[in-house]
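Data block for protein11.pdb (PDB, C-alpha atoms):
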```
ATOM      1  CA  MET M   1       0.000   0.000   0.000
ATOM      2  CA  ARG M   2       1.425   3.347  -1.049
ATOM      3  CA  ILE M   3       1.453   6.187   1.461
ATOM      4  CA  GLY M   4       0.557   9.791   0.728
ATOM      5  CA  LEU M   5      -0.293  13.051   2.447
ATOM      6  CA  SER M   6      -2.792  15.777   1.689
ATOM      7  CA  LEU M   7      -1.338  18.985   0.283
ATOM      8  CA  GLU M   8      -3.304  22.014   1.418
ATOM      9  CA  THR M   9      -3.633  24.765  -1.159
ATOM     10  CA  ASP M  10      -4.227  27.776   1.073
ATOM     11  CA  GLY M  11      -1.865  30.744   1.139
ATOM     12  CA  THR M  12       0.087  31.976  -1.861
ATOM     13  CA  ILE M  13       1.323  29.804  -4.718
ATOM     14  CA  ASP M  14       4.815  30.114  -3.238
ATOM     15  CA  ASP M  15       3.406  28.834   0.058
ATOM     16  CA  ILE M  16       1.942  25.796  -1.692
ATOM     17  CA  VAL M  17       5.220  25.023  -3.441
ATOM     18  CA  ALA M  18       7.153  25.323  -0.162
ATOM     19  CA  ARG M  19       4.633  23.078   1.590
ATOM     20  CA  ALA M  20       4.868  20.522  -1.210
ATOM     21  CA  ARG M  21       8.654  20.565  -0.987
ATOM     22  CA  ASP M  22       8.480  19.871   2.768
ATOM     23  CA  LEU M  23       5.912  17.140   2.225
ATOM     24  CA  ALA M  24       8.010  15.427  -0.458
ATOM     25  CA  ALA M  25      11.040  15.556   1.841
ATOM     26  CA  THR M  26       9.257  13.215   4.269
ATOM     27  CA  GLY M  27       9.536  10.404   1.728
ATOM     28  CA  VAL M  28       5.832   9.846   1.032
ATOM     29  CA  SER M  29       5.001   8.712  -2.491
ATOM     30  CA  SER M  30       2.115  11.073  -3.219
ATOM     31  CA  ALA M  31       0.555  14.437  -2.435
ATOM     32  CA  TRP M  32      -3.192  14.954  -2.831
ATOM     33  CA  SER M  33      -5.039  18.266  -3.168
ATOM     34  CA  SER M  34      -8.738  19.034  -3.207
ATOM     35  CA  GLN M  35     -10.496  21.481  -5.474
ATOM     36  CA  ILE M  36     -12.470  23.640  -3.101
ATOM     37  CA  PHE M  37     -13.153  27.371  -3.542
ATOM     38  CA  GLY M  38      -9.717  28.915  -3.885
ATOM     39  CA  TRP M  39      -6.877  28.288  -6.330
ATOM     40  CA  ASP M  40      -7.416  26.005  -9.293
ATOM     41  CA  THR M  41      -5.890  22.783  -8.011
ATOM     42  CA  LEU M  42      -4.729  21.382 -11.338
ATOM     43  CA  THR M  43      -2.922  24.608 -12.205
ATOM     44  CA  ALA M  44      -1.327  24.667  -8.751
ATOM     45  CA  LEU M  45      -0.155  21.071  -9.179
ATOM     46  CA  ALA M  46       1.394  21.928 -12.546
ATOM     47  CA  VAL M  47       3.430  24.631 -10.809
ATOM     48  CA  VAL M  48       4.305  22.309  -7.912
ATOM     49  CA  GLY M  49       5.378  19.581 -10.306
ATOM     50  CA  ARG M  50       7.846  21.899 -12.024
ATOM     51  CA  GLU M  51       9.414  22.824  -8.691
ATOM     52  CA  VAL M  52       9.181  19.605  -6.678
ATOM     53  CA  PRO M  53      10.463  16.390  -8.282
ATOM     54  CA  GLY M  54       9.690  12.794  -7.474
ATOM     55  CA  VAL M  55       6.383  12.835  -5.648
ATOM     56  CA  THR M  56       3.167  11.826  -7.426
ATOM     57  CA  LEU M  57       0.519  14.579  -7.517
ATOM     58  CA  GLY M  58      -3.179  13.771  -7.206
ATOM     59  CA  THR M  59      -6.488  15.603  -7.148
ATOM     60  CA  ALA M  60      -8.902  14.504  -4.441
ATOM     61  CA  VAL M  61     -11.072  15.537  -6.097
ATOM     62  CA  VAL M  62     -11.992  17.824  -9.011
ATOM     63  CA  PRO M  63     -15.792  18.235  -9.276
ATOM     64  CA  VAL M  64     -16.961  17.437 -12.781
ATOM     65  CA  HIS M  65     -19.960  19.702 -13.327
ATOM     66  CA  PRO M  66     -18.126  23.041 -13.784
ATOM     67  CA  ARG M  67     -15.709  21.606 -16.406
ATOM     68  CA  HIS M  68     -16.752  20.002 -19.663
ATOM     69  CA  PRO M  69     -14.856  16.715 -20.047
ATOM     70  CA  THR M  70     -13.021  17.955 -23.149
ATOM     71  CA  MET M  71     -11.637  20.868 -21.145
ATOM     72  CA  LEU M  72     -10.747  18.728 -18.142
ATOM     73  CA  ALA M  73      -8.931  16.343 -20.485
ATOM     74  CA  ALA M  74      -6.925  19.240 -21.911
ATOM     75  CA  GLN M  75      -6.108  20.489 -18.425
ATOM     76  CA  ALA M  76      -5.088  17.069 -17.135
ATOM     77  CA  LEU M  77      -2.878  16.358 -20.148
ATOM     78  CA  THR M  78      -1.229  19.753 -19.678
ATOM     79  CA  VAL M  79      -0.433  18.876 -16.056
ATOM     80  CA  GLN M  80       0.885  15.491 -17.176
ATOM     81  CA  ALA M  81       3.269  17.162 -19.601
ATOM     82  CA  ALA M  82       4.334  19.766 -17.042
ATOM     83  CA  THR M  83       5.044  17.207 -14.316
ATOM     84  CA  GLY M  84       6.609  14.420 -16.335
ATOM     85  CA  GLY M  85       3.583  12.138 -16.068
ATOM     86  CA  ARG M  86       3.064  12.328 -12.314
ATOM     87  CA  LEU M  87      -0.627  13.265 -12.188
ATOM     88  CA  ARG M  88      -3.363  11.047 -10.775
ATOM     89  CA  LEU M  89      -6.705  12.573 -11.670
ATOM     90  CA  GLY M  90      -9.352  12.153  -8.986
ATOM     91  CA  ILE M  91     -12.804  13.361 -10.017
ATOM     92  CA  GLY M  92     -16.180  13.449  -8.302
ATOM     93  CA  LEU M  93     -19.777  14.592  -8.483
ATOM     94  CA  SER M  94     -19.576  16.935  -5.472
ATOM     95  CA  HIS M  95     -22.925  17.420  -3.701
ATOM     96  CA  GLN M  96     -26.387  18.631  -4.638
ATOM     97  CA  MET M  97     -26.161  21.716  -2.421
ATOM     98  CA  VAL M  98     -23.007  22.809  -4.271
ATOM     99  CA  VAL M  99     -23.909  21.754  -7.815
ATOM    100  CA  GLU M 100     -27.374  23.300  -7.739
ATOM    101  CA  GLY M 101     -27.012  25.989  -5.091
ATOM    102  CA  MET M 102     -23.625  27.407  -6.086
ATOM    103  CA  TRP M 103     -23.121  26.528  -9.743
ATOM    104  CA  GLY M 104     -26.730  26.371 -10.921
ATOM    105  CA  TYR M 105     -26.427  22.987 -12.641
ATOM    106  CA  SER M 106     -28.907  20.154 -12.356
ATOM    107  CA  PHE M 107     -27.977  17.308 -10.031
ATOM    108  CA  ASP M 108     -30.547  14.942 -11.554
ATOM    109  CA  HIS M 109     -29.298  11.429 -12.376
ATOM    110  CA  PRO M 110     -25.771  11.970 -11.007
ATOM    111  CA  ALA M 111     -24.530   8.441 -11.759
ATOM    112  CA  ARG M 112     -25.660   8.712 -15.385
ATOM    113  CA  TYR M 113     -23.920  12.074 -15.597
ATOM    114  CA  MET M 114     -20.656  10.485 -14.419
ATOM    115  CA  GLU M 115     -20.992   7.621 -16.901
ATOM    116  CA  GLU M 116     -21.444  10.057 -19.753
ATOM    117  CA  TYR M 117     -18.638  12.266 -18.470
ATOM    118  CA  LEU M 118     -16.198   9.349 -18.452
ATOM    119  CA  SER M 119     -17.370   8.263 -21.902
ATOM    120  CA  ILE M 120     -15.912  11.529 -23.186
ATOM    121  CA  LEU M 121     -13.032  12.078 -20.776
ATOM    122  CA  MET M 122     -11.336   8.668 -20.990
ATOM    123  CA  PRO M 123     -10.912   8.493 -24.786
ATOM    124  CA  MET M 124      -9.824  12.131 -24.830
ATOM    125  CA  LEU M 125      -7.110  11.366 -22.287
ATOM    126  CA  ALA M 126      -6.066   8.416 -24.431
ATOM    127  CA  GLY M 127      -5.519  10.761 -27.369
ATOM    128  CA  GLU M 128      -8.617   9.837 -29.346
ATOM    129  CA  GLN M 129     -11.136  11.833 -31.313
ATOM    130  CA  VAL M 130     -14.539  11.759 -29.625
ATOM    131  CA  SER M 131     -18.092  11.825 -30.928
ATOM    132  CA  PHE M 132     -20.596  11.265 -28.134
ATOM    133  CA  GLN M 133     -24.266  12.136 -27.709
ATOM    134  CA  GLY M 134     -25.684  11.501 -24.253
ATOM    135  CA  ASP M 135     -28.720  12.621 -22.321
ATOM    136  CA  SER M 136     -26.716  15.199 -20.343
ATOM    137  CA  LEU M 137     -23.430  15.640 -22.202
ATOM    138  CA  ARG M 138     -22.300  15.878 -25.808
ATOM    139  CA  ALA M 139     -18.910  16.137 -27.464
ATOM    140  CA  ASN M 140     -17.777  16.238 -31.090
ATOM    141  CA  THR M 141     -14.081  16.942 -31.312
ATOM    142  CA  LEU M 142     -12.352  17.910 -34.559
ATOM    143  CA  GLY M 143      -9.607  15.376 -33.982
ATOM    144  CA  PRO M 144      -7.348  13.910 -31.306
ATOM    145  CA  PRO M 145      -6.117  16.372 -28.654
ATOM    146  CA  GLU M 146      -2.972  18.180 -29.749
ATOM    147  CA  THR M 147      -0.975  17.360 -26.629
ATOM    148  CA  GLU M 148       2.252  15.906 -27.926
ATOM    149  CA  GLY M 149       4.135  13.757 -25.429
ATOM    150  CA  ALA M 150       1.442  13.751 -22.750
ATOM    151  CA  THR M 151       0.272  10.373 -21.492
ATOM    152  CA  ALA M 152      -3.127   9.584 -20.006
ATOM    153  CA  PRO M 153      -3.141   9.866 -16.195
ATOM    154  CA  PRO M 154      -4.925   7.264 -14.079
ATOM    155  CA  VAL M 155      -8.468   8.421 -13.312
ATOM    156  CA  LEU M 156      -9.994   7.736  -9.903
ATOM    157  CA  VAL M 157     -13.696   8.325  -9.321
ATOM    158  CA  ALA M 158     -14.968   9.343  -5.891
ATOM    159  CA  ALA M 159     -17.490   6.560  -5.355
ATOM    160  CA  LEU M 160     -19.324   5.311  -2.293
ATOM    161  CA  GLY M 161     -22.512   3.539  -3.388
ATOM    162  CA  PRO M 162     -22.675   0.327  -5.463
ATOM    163  CA  VAL M 163     -23.676   2.062  -8.711
ATOM    164  CA  MET M 164     -20.848   4.593  -8.577
ATOM    165  CA  LEU M 165     -18.343   1.930  -7.528
ATOM    166  CA  GLY M 166     -19.376  -0.071 -10.573
ATOM    167  CA  ILE M 167     -18.793   2.940 -12.803
ATOM    168  CA  ALA M 168     -15.376   3.527 -11.221
ATOM    169  CA  ALA M 169     -14.481  -0.124 -11.819
ATOM    170  CA  ARG M 170     -15.637  -0.333 -15.423
ATOM    171  CA  GLN M 171     -14.649   3.059 -16.783
ATOM    172  CA  ALA M 172     -11.735   4.269 -14.649
ATOM    173  CA  SER M 173      -8.706   3.039 -12.714
ATOM    174  CA  GLY M 174     -10.509   2.807  -9.394
ATOM    175  CA  THR M 175     -11.855   4.946  -6.592
ATOM    176  CA  ILE M 176     -10.746   7.417  -3.967
ATOM    177  CA  THR M 177     -12.689   7.711  -0.720
ATOM    178  CA  TRP M 178     -12.975  10.312   2.014
ATOM    179  CA  MET M 179     -14.453   9.821   5.475
ATOM    180  CA  VAL M 180     -14.924   6.081   4.992
ATOM    181  CA  GLY M 181     -13.905   3.924   7.939
ATOM    182  CA  LEU M 182     -12.075   0.615   8.046
ATOM    183  CA  ARG M 183     -15.081  -1.692   8.319
ATOM    184  CA  THR M 184     -16.828  -0.015   5.396
ATOM    185  CA  VAL M 185     -13.688  -0.176   3.254
ATOM    186  CA  ALA M 186     -13.230  -3.858   4.048
ATOM    187  CA  ASP M 187     -16.848  -4.990   3.822
ATOM    188  CA  HIS M 188     -18.281  -2.665   1.163
ATOM    189  CA  ILE M 189     -15.852  -0.542  -0.885
ATOM    190  CA  VAL M 190     -13.202  -3.140  -1.733
ATOM    191  CA  PRO M 191     -15.472  -6.145  -2.424
ATOM    192  CA  THR M 192     -17.988  -4.098  -4.420
ATOM    193  CA  ILE M 193     -15.462  -2.446  -6.728
ATOM    194  CA  THR M 194     -13.407  -5.634  -7.061
ATOM    195  CA  LYS M 195     -16.450  -7.644  -8.114
ATOM    196  CA  ALA M 196     -17.461  -4.967 -10.622
ATOM    197  CA  ALA M 197     -13.942  -4.934 -12.103
ATOM    198  CA  ALA M 198     -13.721  -8.713 -12.421
ATOM    199  CA  ALA M 199     -15.341  -8.773 -15.860
ATOM    200  CA  ASP M 200     -12.591  -6.501 -17.195
ATOM    201  CA  ARG M 201      -9.892  -8.564 -15.497
ATOM    202  CA  HIS M 202      -8.193  -5.638 -13.813
ATOM    203  CA  HIS M 203      -7.463  -4.883 -10.182
ATOM    204  CA  PRO M 204      -8.986  -1.510  -9.279
ATOM    205  CA  GLU M 205      -7.160   1.037  -7.187
ATOM    206  CA  VAL M 206      -8.699   1.929  -3.837
ATOM    207  CA  VAL M 207      -7.227   5.110  -2.371
ATOM    208  CA  VAL M 208      -8.391   5.732   1.191
ATOM    209  CA  SER M 209      -8.083   9.219   2.671
ATOM    210  CA  LEU M 210      -8.865  10.080   6.280
ATOM    211  CA  PRO M 211      -7.993  12.696   8.899
ATOM    212  CA  VAL M 212      -4.924  11.651  10.889
ATOM    213  CA  CYS M 213      -3.400  13.150  14.018
ATOM    214  CA  VAL M 214      -0.394  11.757  15.862
ATOM    215  CA  THR M 215      -0.912  13.035  19.376
ATOM    216  CA  ALA M 216      -0.683  12.362  23.094
ATOM    217  CA  ASP M 217      -4.085  13.947  23.730
ATOM    218  CA  LEU M 218      -6.665  11.698  22.084
ATOM    219  CA  ASP M 219      -9.729  13.427  23.519
ATOM    220  CA  ALA M 220      -8.640  16.863  22.338
ATOM    221  CA  ALA M 221      -7.771  15.493  18.886
ATOM    222  CA  ARG M 222     -11.190  13.886  18.474
ATOM    223  CA  GLN M 223     -12.957  17.016  19.687
ATOM    224  CA  ARG M 224     -10.992  19.056  17.176
ATOM    225  CA  ALA M 225     -11.910  16.579  14.408
ATOM    226  CA  SER M 226     -15.580  16.960  15.314
ATOM    227  CA  ARG M 227     -15.299  20.727  14.818
ATOM    228  CA  ILE M 228     -13.090  20.802  11.728
ATOM    229  CA  PHE M 229     -14.877  18.078   9.774
ATOM    230  CA  SER M 230     -18.434  18.540  11.049
ATOM    231  CA  LEU M 231     -19.804  19.368   7.580
ATOM    232  CA  TYR M 232     -18.997  15.871   6.315
ATOM    233  CA  GLY M 233     -21.288  14.386   8.927
ATOM    234  CA  GLN M 234     -24.180  16.284   7.357
ATOM    235  CA  LEU M 235     -23.673  15.702   3.618
ATOM    236  CA  PRO M 236     -25.868  12.767   2.556
ATOM    237  CA  SER M 237     -23.242  10.641   0.781
ATOM    238  CA  TYR M 238     -20.762  10.837   3.649
ATOM    239  CA  ARG M 239     -23.500  10.482   6.242
ATOM    240  CA  ALA M 240     -24.509   7.180   4.633
ATOM    241  CA  MET M 241     -20.950   5.850   4.936
ATOM    242  CA  LEU M 242     -20.640   7.020   8.547
ATOM    243  CA  ASP M 243     -23.931   5.306   9.354
ATOM    244  CA  ARG M 244     -22.706   2.114   7.703
ATOM    245  CA  GLU M 245     -19.583   2.330   9.853
ATOM    246  CA  GLY M 246     -21.614   2.986  13.000
ATOM    247  CA  ALA M 247     -19.883   6.349  13.422
ATOM    248  CA  ALA M 248     -21.680   9.217  15.107
ATOM    249  CA  ASP M 249     -19.576  11.875  13.389
ATOM    250  CA  PRO M 250     -16.315  12.218  11.423
ATOM    251  CA  SER M 251     -14.205  12.133  14.576
ATOM    252  CA  ASP M 252     -15.086   8.440  14.918
ATOM    253  CA  VAL M 253     -13.300   7.570  11.679
ATOM    254  CA  ALA M 254     -10.347   9.919  12.201
ATOM    255  CA  ILE M 255      -7.138   8.079  13.087
ATOM    256  CA  VAL M 256      -5.607   9.478  16.270
ATOM    257  CA  GLY M 257      -3.037   8.264  18.789
ATOM    258  CA  ALA M 258       0.649   7.760  19.323
ATOM    259  CA  GLU M 259       2.912   6.749  16.447
ATOM    260  CA  GLU M 260       2.572   3.018  16.960
ATOM    261  CA  GLU M 261      -1.211   3.200  17.286
ATOM    262  CA  VAL M 262      -1.624   5.268  14.127
ATOM    263  CA  ALA M 263       0.774   3.030  12.206
ATOM    264  CA  ALA M 264      -1.198  -0.055  13.219
ATOM    265  CA  ALA M 265      -4.495   1.561  12.245
ATOM    266  CA  ILE M 266      -3.173   2.503   8.802
ATOM    267  CA  ALA M 267      -1.763  -0.988   8.276
ATOM    268  CA  ARG M 268      -5.240  -2.430   8.769
ATOM    269  CA  PHE M 269      -6.381  -0.592   5.634
ATOM    270  CA  ALA M 270      -3.736  -2.462   3.644
ATOM    271  CA  ASP M 271      -5.126  -5.702   5.056
ATOM    272  CA  ALA M 272      -8.601  -4.545   3.990
ATOM    273  CA  GLY M 273      -7.469  -4.169   0.373
ATOM    274  CA  ALA M 274      -6.633  -0.468   0.054
ATOM    275  CA  THR M 275      -3.922   0.188  -2.512
ATOM    276  CA  GLU M 276      -3.010   3.621  -1.132
ATOM    277  CA  PHE M 277      -3.595   5.595   2.046
ATOM    278  CA  SER M 278      -3.544   9.388   2.084
ATOM    279  CA  ALA M 279      -3.496  11.173   5.434
ATOM    280  CA  ALA M 280      -5.108  14.558   5.931
ATOM    281  CA  ALA M 281      -2.895  15.671   8.809
ATOM    282  CA  TYR M 282      -4.541  17.993  11.322
ATOM    283  CA  GLY M 283      -3.892  19.342  14.794
ATOM    284  CA  SER M 284      -1.273  21.649  16.269
ATOM    285  CA  SER M 285       1.918  22.387  14.369
ATOM    286  CA  GLU M 286       3.730  19.841  16.552
ATOM    287  CA  GLU M 287       1.063  17.195  15.938
ATOM    288  CA  ARG M 288       1.117  17.833  12.192
ATOM    289  CA  ALA M 289       4.911  17.514  12.157
ATOM    290  CA  ARG M 290       4.686  14.203  14.021
ATOM    291  CA  THR M 291       2.021  12.987  11.592
ATOM    292  CA  TRP M 292       4.070  13.920   8.527
ATOM    293  CA  SER M 293       7.141  12.260  10.004
ATOM    294  CA  LEU M 294       5.263   9.045  10.746
ATOM    295  CA  LEU M 295       3.694   8.861   7.289
ATOM    296  CA  GLY M 296       7.105   9.410   5.731
ATOM    297  CA  SER M 297       8.569   6.568   7.765
ATOM    298  CA  LEU M 298       5.708   4.273   6.754
ATOM    299  CA  ALA M 299       6.324   5.121   3.095
TER     300      ALA M 299
END
```
The structure given in the file should be rewritten as structure tokens.
Amino acid sequence: MRIGLSLETDGTIDDIVARARDLAATGVSSAWSSQIFGWDTLTALAVVGREVPGVTLGTAVVPVHPRHPTMLAAQALTVQAATGGRLRLGIGLSHQMVVEGMWGYSFDHPARYMEEYLSILMPMLAGEQVSFQGDSLRANTLGPPETEGATAPPVLVAALGPVMLGIAARQASGTITWMVGLRTVADHIVPTITKAAAADRHHPEVVVSLPVCVTADLDAARQRASRIFSLYGQLPSYRAMLDREGAADPSDVAIVGAEEEVAAAIARFADAGATEFSAAAYGSSEERARTWSLLGSLA
């Protein structure tokens, strides 16, 4: 199981590059950034990749609705060329409150939307001309993308339910999860996506990402997790996974404790079938430093 860390994209671009350089120095294999409401994550990763060698750079995740798949393909291939092929493209549907309330798009039939999106995105990334007419999306390109030397990045689909896991298995390289606990990964995520991928005879990637805090004060760390990540306990898709896990709120799936306890907890995800673990380090500056150091040693 590969080991990664989340790369926060707050501050200036120079701040992000410096943070990425420190993260890569720990020895982890990957750095993952979310597209939220600030900098464009793919552009930031292109800059990071030119300045920071070695480490794989992933998006966790880019919401699909604001970007037509032909444009996301062009962006991803640009990042691939800029970083020497180190991008791992995580994409997701986001949430109804964001898609409809902020962007003004319809959130009807989200799984169908993702299927159609991938039907355009994947051949574009592979350097093919695309002609596709779907219920929600259409694309008629004039020819293959003019992105000489760029290779297709692996595509990971944020998927939690059986239908979306099937789509991730059949049309992409695998899935990336957030706020999904060990039991749910072992009993639901891994077996569901593995079964769906069996017909194509490939082993899907399962990237697990969770809050992690190496600390001596477990109660304070869990209380802080409850505050920081409270929103995820209210969004329907994450709430369903927390309920499946038997977790009252996100603090129940956060990994907290001393170095040996956190290391053991992460190792159990490898036993459950995860192919990569990405830690979203949180806590005080000292606790974050301890978390980064531990994840680097595990890598």
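Here the question is which of M:Ala82, M:Leu298, M:Ala44, M:Val157 gets nearest to Leu118 in chain M using only C-alpha atoms, and that residue is M:Val157.
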As a PyMOL selection string, please: the residues near Thr56 in chain M (cut-off 12 Å, only C-alpha atoms, same-chain neighbours under 6 positions excluded). chain M and resi 2-7+20+23-24+27-33+45-46+48-49+79-80+83-89+153-154+278
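The coordinates place CA of His65 in chain M at 10.0 Å from CA of Glu100 in chain M.
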What's the 10 Å shell around Val155 in chain M, counting all atoms listed in the file, without same-chain residues fewer than 5 positions away, as a PDB file with C-alpha atoms, keeping the file's coordinate frame?
```pdb
ATOM      1  CA  GLY M  58      -3.179  13.771  -7.206  1.00  0.00           C
ATOM      2  CA  THR M  59      -6.488  15.603  -7.148  1.00  0.00           C
ATOM      3  CA  LEU M  87      -0.627  13.265 -12.188  1.00  0.00           C
ATOM      4  CA  ARG M  88      -3.363  11.047 -10.775  1.00  0.00           C
ATOM      5  CA  LEU M  89      -6.705  12.573 -11.670  1.00  0.00           C
ATOM      6  CA  GLY M  90      -9.352  12.153  -8.986  1.00  0.00           C
ATOM      7  CA  ILE M  91     -12.804  13.361 -10.017  1.00  0.00           C
ATOM      8  CA  LEU M 118     -16.198   9.349 -18.452  1.00  0.00           C
ATOM      9  CA  LEU M 121     -13.032  12.078 -20.776  1.00  0.00           C
ATOM     10  CA  MET M 122     -11.336   8.668 -20.990  1.00  0.00           C
ATOM     11  CA  LEU M 125      -7.110  11.366 -22.287  1.00  0.00           C
ATOM     12  CA  ALA M 168     -15.376   3.527 -11.221  1.00  0.00           C
ATOM     13  CA  GLN M 171     -14.649   3.059 -16.783  1.00  0.00           C
ATOM     14  CA  ALA M 172     -11.735   4.269 -14.649  1.00  0.00           C
ATOM     15  CA  SER M 173      -8.706   3.039 -12.714  1.00  0.00           C
ATOM     16  CA  GLY M 174     -10.509   2.807  -9.394  1.00  0.00           C
ATOM     17  CA  THR M 175     -11.855   4.946  -6.592  1.00  0.00           C
ATOM     18  CA  ILE M 176     -10.746   7.417  -3.967  1.00  0.00           C
ATOM     19  CA  GLU M 205      -7.160   1.037  -7.187  1.00  0.00           C
TER      20      GLU M 205
END
```
Given all atoms listed in the file as the basis, pick out the residue of M:Ala18, M:Leu210, M:Leu231, M:Leu57 nearest to Thr41 in chain M.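 Going through M:Ala18, M:Leu210, M:Leu231, M:Leu57 one by one, the smallest distance to Thr41 in chain M is for M:Leu57.
Reported to one decimal place, the separation of CA of Ala281 in chain M from CA of Gln35 in chain M is 17.2 Å.
The gap separating CA of Ile13 in chain M from CA of Leu156 in chain M is 25.3 Å, in Å to one decimal.
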Tell me which protein, DNA and RNA residues are within 12 Å of Pro145 in chain M, counting all atoms listed in the file, leaving out same-chain ones fewer than 6 positions away, and put them as a PyMOL selection string. chain M and resi 70-78+121+123-130+151-152
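Among M:Ile167, M:Gly104, M:Gly273, M:His95, the residue with the shortest atom-to-atom distance to Ser237 in chain M, counting all atoms listed in the file, is M:His95.
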Please identify all polymer residues within 10 Å of range 107-116 of chain M, counting all atoms listed in the file, omitting same-chain residues fewer than 5 positions from it, and present them as number ranges by chain. M: 64-65, 69, 91-100, 121, 132-138, 157, 159, 161, 163-165, 167-168, 170-171
Would you put the residues from that selection into a file with C-alpha atoms, as a JSON list (two decimals), keeping the file's coordinate frame?
```
[["chain", "number", "residue", "atom", "x", "y", "z"],
["M", 64, "VAL", "CA", -16.96, 17.44, -12.78],
["M", 65, "HIS", "CA", -19.96, 19.70, -13.33],
["M", 69, "PRO", "CA", -14.86, 16.72, -20.05],
["M", 91, "ILE", "CA", -12.80, 13.36, -10.02],
["M", 92, "GLY", "CA", -16.18, 13.45, -8.30],
["M", 93, "LEU", "CA", -19.78, 14.59, -8.48],
["M", 94, "SER", "CA", -19.58, 16.93, -5.47],
["M", 95, "HIS", "CA", -22.92, 17.42, -3.70],
["M", 96, "GLN", "CA", -26.39, 18.63, -4.64],
["M", 97, "MET", "CA", -26.16, 21.72, -2.42],
["M", 98, "VAL", "CA", -23.01, 22.81, -4.27],
["M", 99, "VAL", "CA", -23.91, 21.75, -7.82],
["M", 100, "GLU", "CA", -27.37, 23.30, -7.74],
["M", 121, "LEU", "CA", -13.03, 12.08, -20.78],
["M", 132, "PHE", "CA", -20.60, 11.26, -28.13],
["M", 133, "GLN", "CA", -24.27, 12.14, -27.71],
["M", 134, "GLY", "CA", -25.68, 11.50, -24.25],
["M", 135, "ASP", "CA", -28.72, 12.62, -22.32],
["M", 136, "SER", "CA", -26.72, 15.20, -20.34],
["M", 137, "LEU", "CA", -23.43, 15.64, -22.20],
["M", 138, "ARG", "CA", -22.30, 15.88, -25.81],
["M", 157, "VAL", "CA", -13.70, 8.32, -9.32],
["M", 159, "ALA", "CA", -17.49, 6.56, -5.36],
["M", 161, "GLY", "CA", -22.51, 3.54, -3.39],
["M", 163, "VAL", "CA", -23.68, 2.06, -8.71],
["M", 164, "MET", "CA", -20.85, 4.59, -8.58],
["M", 165, "LEU", "CA", -18.34, 1.93, -7.53],
["M", 167, "ILE", "CA", -18.79, 2.94, -12.80],
["M", 168, "ALA", "CA", -15.38, 3.53, -11.22],
["M", 170, "ARG", "CA", -15.64, -0.33, -15.42],
["M", 171, "GLN", "CA", -14.65, 3.06, -16.78]]
```
Build an axis-aligned box that encloses every atom of range 228-233 of chain M listed in the file, pad it by 5 Å on each side, and report its centre and edge lengths in Å to one decimal, as JSON.
```
{"center_x": -17.2, "center_y": 17.6, "center_z": 9.0, "size_x": 18.2, "size_y": 16.4, "size_z": 15.4}
```
From (-15.1, -6.5, -6.3), in the file's coordinates, out to 12 Å: which residues are reached, counting only C-alpha atoms? Answer as a PDB file with C-alpha atoms, in the coordinates of the input.
```
ATOM      1  CA  PRO M 162     -22.675   0.327  -5.463  1.00  0.00           C
ATOM      2  CA  LEU M 165     -18.343   1.930  -7.528  1.00  0.00           C
ATOM      3  CA  GLY M 166     -19.376  -0.071 -10.573  1.00  0.00           C
ATOM      4  CA  ALA M 168     -15.376   3.527 -11.221  1.00  0.00           C
ATOM      5  CA  ALA M 169     -14.481  -0.124 -11.819  1.00  0.00           C
ATOM      6  CA  ARG M 170     -15.637  -0.333 -15.423  1.00  0.00           C
ATOM      7  CA  GLY M 174     -10.509   2.807  -9.394  1.00  0.00           C
ATOM      8  CA  THR M 175     -11.855   4.946  -6.592  1.00  0.00           C
ATOM      9  CA  VAL M 185     -13.688  -0.176   3.254  1.00  0.00           C
ATOM     10  CA  ALA M 186     -13.230  -3.858   4.048  1.00  0.00           C
ATOM     11  CA  ASP M 187     -16.848  -4.990   3.822  1.00  0.00           C
ATOM     12  CA  HIS M 188     -18.281  -2.665   1.163  1.00  0.00           C
ATOM     13  CA  ILE M 189     -15.852  -0.542  -0.885  1.00  0.00           C
ATOM     14  CA  VAL M 190     -13.202  -3.140  -1.733  1.00  0.00           C
ATOM     15  CA  PRO M 191     -15.472  -6.145  -2.424  1.00  0.00           C
ATOM     16  CA  THR M 192     -17.988  -4.098  -4.420  1.00  0.00           C
ATOM     17  CA  ILE M 193     -15.462  -2.446  -6.728  1.00  0.00           C
ATOM     18  CA  THR M 194     -13.407  -5.634  -7.061  1.00  0.00           C
ATOM     19  CA  LYS M 195     -16.450  -7.644  -8.114  1.00  0.00           C
ATOM     20  CA  ALA M 196     -17.461  -4.967 -10.622  1.00  0.00           C
ATOM     21  CA  ALA M 197     -13.942  -4.934 -12.103  1.00  0.00           C
ATOM     22  CA  ALA M 198     -13.721  -8.713 -12.421  1.00  0.00           C
ATOM     23  CA  ALA M 199     -15.341  -8.773 -15.860  1.00  0.00           C
ATOM     24  CA  ASP M 200     -12.591  -6.501 -17.195  1.00  0.00           C
ATOM     25  CA  ARG M 201      -9.892  -8.564 -15.497  1.00  0.00           C
ATOM     26  CA  HIS M 202      -8.193  -5.638 -13.813  1.00  0.00           C
ATOM     27  CA  HIS M 203      -7.463  -4.883 -10.182  1.00  0.00           C
ATOM     28  CA  PRO M 204      -8.986  -1.510  -9.279  1.00  0.00           C
ATOM     29  CA  GLU M 205      -7.160   1.037  -7.187  1.00  0.00           C
ATOM     30  CA  VAL M 206      -8.699   1.929  -3.837  1.00  0.00           C
ATOM     31  CA  GLY M 273      -7.469  -4.169   0.373  1.00  0.00           C
TER      32      GLY M 273
END
```
